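Q: Quick one: the structure is below, and I'll ask about it shortly.
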Amino acid sequence: MASNPHGSHPAYYGPQTIEDEPRTEWNPSAETLRPVRGRHRVARQRGGTMARSRAVLGVGMFAAVGAGGMATAQEGGTGSVPGLDSVRSIPDQIPVLSDLISSPESEPEAQDTTSVTAFTEAQDAGEALRARILQQAEEQEATAQAAEHAQILAGAQSDAIAAAAELAEAERLAEEQRQREAEEERQRLEEERQRLEEERRLAELRASYTIPLTTYTLSSSFGASGSMWSSTHTGTDFAAPTGTPVKNVHTGTVKEAAWAGSYGYRIIIEQEDGTELWYCHLSSMNVTAGQAVDTGDTIGRVGSTGNSSGPHLHLEVRPGGGDPIDPLAWLRGKGQAV
């Protein structure tokens with residue numbers, strides 16, 4: 001190792017300097033540097049500023065010394081301190097270092113207060129932005145929910161309208177069915193009424209009696225004698241024009257409807273009590289044997305067939321099918337005015 005001409009200082013192998021220039025210790029803080037200030041500055045915590053400043057300053061010093069030695073070796077400069085200009089430019093090249101160097105340690109409280117205020121304002125602005133974003137999100141969600149509710153309400157209203165229409169149609173069909181059933185019931189009741197009325201009428205007819213001719217003249221009475229009969233007259237003669245309708249006196253059953261010799265065309269009707277009524281000398285017959293007839297039914301027409309002197313109806317009444325009785329007395333006994 002080479003001897004040190006300056007005493008205790010270590011040997012220096014860098015560029016040779018001017019011997020008569022006084023040697024001084026480089027103090028970067030002694031340089032007048034313009035502090036860098038602005039909103040972008042990072043707030044520094046108390047108690048750690050000096051330590052970080054010294055640490056960064058130490059790193060910068062080592063870098064400056066190394067850079068200065070290399071510059072002197074390359075250029076062979078003659079400055080008072082090796083690489084002093086290069087060292088002076090280091091803070092401008094390292095923003096953080098320049099910021100730390102330009103910040104006097106005598107103003108930590110003011111700088112920290114400014115940084116905290118800026119941070120607080122930024123935080124408040126962020127909270128306000130966050131609040132606006134949340135409000136917008138809530139408003140959008142409320143709008144979406146309102147639209148969804150409106151859609152659901154519209155669907156419910158549509159379903160209600162459709163259900164009301166279906167109910168109205170069902171009620172209309174039910175009303176039509178009710179009216180149809182009511183009309184059918186009315187017709188059934190009317191038919192039943194007519195049937196009962198007919199039955200009542202027939203019952204009255206069965207229970208009632210009538211005279212055989214509407215217009216007539218009594219020509220021969222019961223029990224009379226004459227050349228026309230082999231014995232006394234067995235009936236009553238009702239003279240009338242040929243073709244005059246002959247009515248059934250009382251309800252019964254046709255026992256016979258045929259030619260009967262001297263009686264001509266004859267109809268015998270048997271009543272419920274067994275009484276037989278003979279209608280004789282007819283020109284025509286409208287019934288047949290076995291047929292049921294009611295009171296007032298037309299059974300034939302007046303004629304002059306058989307042993308007859310002119311058109312008339314010969315009527316006989318034979319109770320139980322036996323001997324004849326006076327027809328006029330029998331008719332009067334049934335309430336008929338003859």
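Each chain in the structure tokens gets a letter, A, B, ..., in the order shown, and its residues are numbered from 1; ligands are numbered from 1 in order too.
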For Thr215 in chain A, list every protein, DNA or RNA residue within 10 Å, evaluated using only C-alpha atoms, and leave out those in the same chain fewer than 2 positions away; present the list as a list in words.

A: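 The residues that qualify are Ile211, Pro212, Leu213, Thr217, Phe238, Ala239, Ala240, Pro241, Thr244 and Pro245 of chain A.
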
Q: Taking only C-alpha atoms into account, which of A:Thr234, A:Thr143, A:Gln187, A:Thr242 comes nearest Trp278 in chain A?

A: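 The closest residue to Trp278 in chain A is A:Thr234.
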
Q: Could you go through range 134-241 of chain A and tell me which residues DSSP, when run on the backbone, assigns to strand (DSSP E), listing them as JSON, numbers by chain?

A: {"A": [217, 218, 219, 220, 236, 237, 238, 239]}

Q: Save the residues we just selected, N, CA and C atoms, as a PDB file, in the first residue's frame?

A:
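Final file, result_19.pdb:
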```pdb
ATOM      1  N   THR A 217    -185.725 -34.845 -35.485  1.00  0.00           N
ATOM      2  CA  THR A 217    -187.175 -34.856 -35.221  1.00  0.00           C
ATOM      3  C   THR A 217    -187.543 -36.256 -34.754  1.00  0.00           C
ATOM      4  N   LEU A 218    -188.210 -36.303 -33.598  1.00  0.00           N
ATOM      5  CA  LEU A 218    -188.630 -37.613 -33.108  1.00  0.00           C
ATOM      6  C   LEU A 218    -189.795 -38.117 -33.983  1.00  0.00           C
ATOM      7  N   SER A 219    -189.598 -39.234 -34.662  1.00  0.00           N
ATOM      8  CA  SER A 219    -190.616 -39.744 -35.595  1.00  0.00           C
ATOM      9  C   SER A 219    -191.366 -40.955 -35.041  1.00  0.00           C
ATOM     10  N   SER A 220    -190.695 -41.796 -34.241  1.00  0.00           N
ATOM     11  CA  SER A 220    -191.372 -42.974 -33.642  1.00  0.00           C
ATOM     12  C   SER A 220    -190.818 -43.162 -32.246  1.00  0.00           C
ATOM     13  N   THR A 236    -186.156 -45.719 -30.304  1.00  0.00           N
ATOM     14  CA  THR A 236    -186.669 -44.387 -30.634  1.00  0.00           C
ATOM     15  C   THR A 236    -186.018 -43.957 -31.916  1.00  0.00           C
ATOM     16  N   ASP A 237    -186.876 -43.371 -32.856  1.00  0.00           N
ATOM     17  CA  ASP A 237    -186.349 -42.924 -34.159  1.00  0.00           C
ATOM     18  C   ASP A 237    -186.136 -41.415 -34.135  1.00  0.00           C
ATOM     19  N   PHE A 238    -184.895 -41.023 -34.595  1.00  0.00           N
ATOM     20  CA  PHE A 238    -184.545 -39.595 -34.730  1.00  0.00           C
ATOM     21  C   PHE A 238    -184.396 -39.305 -36.219  1.00  0.00           C
ATOM     22  N   ALA A 239    -185.441 -38.677 -36.777  1.00  0.00           N
ATOM     23  CA  ALA A 239    -185.411 -38.393 -38.210  1.00  0.00           C
ATOM     24  C   ALA A 239    -184.485 -37.227 -38.469  1.00  0.00           C
TER      25      ALA A 239
END
```

Q: Taking the DSSP secondary structure from the backbone, can you list the residues of range 93-333 of chain A that are helix (DSSP H, G or I), as a PyMOL selection string?

A: chain A and resi 93+95-102+108-207+261-263+319-321+327-333

Q: When distances are computed from only C-alpha atoms, which of A:Ala292, A:Ala165, A:Ile267, A:Leu134 shows the smallest separation from Thr251 in chain A?

A: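 Residue with the minimum atom-to-atom distance to Thr251 in chain A: A:Ala292.
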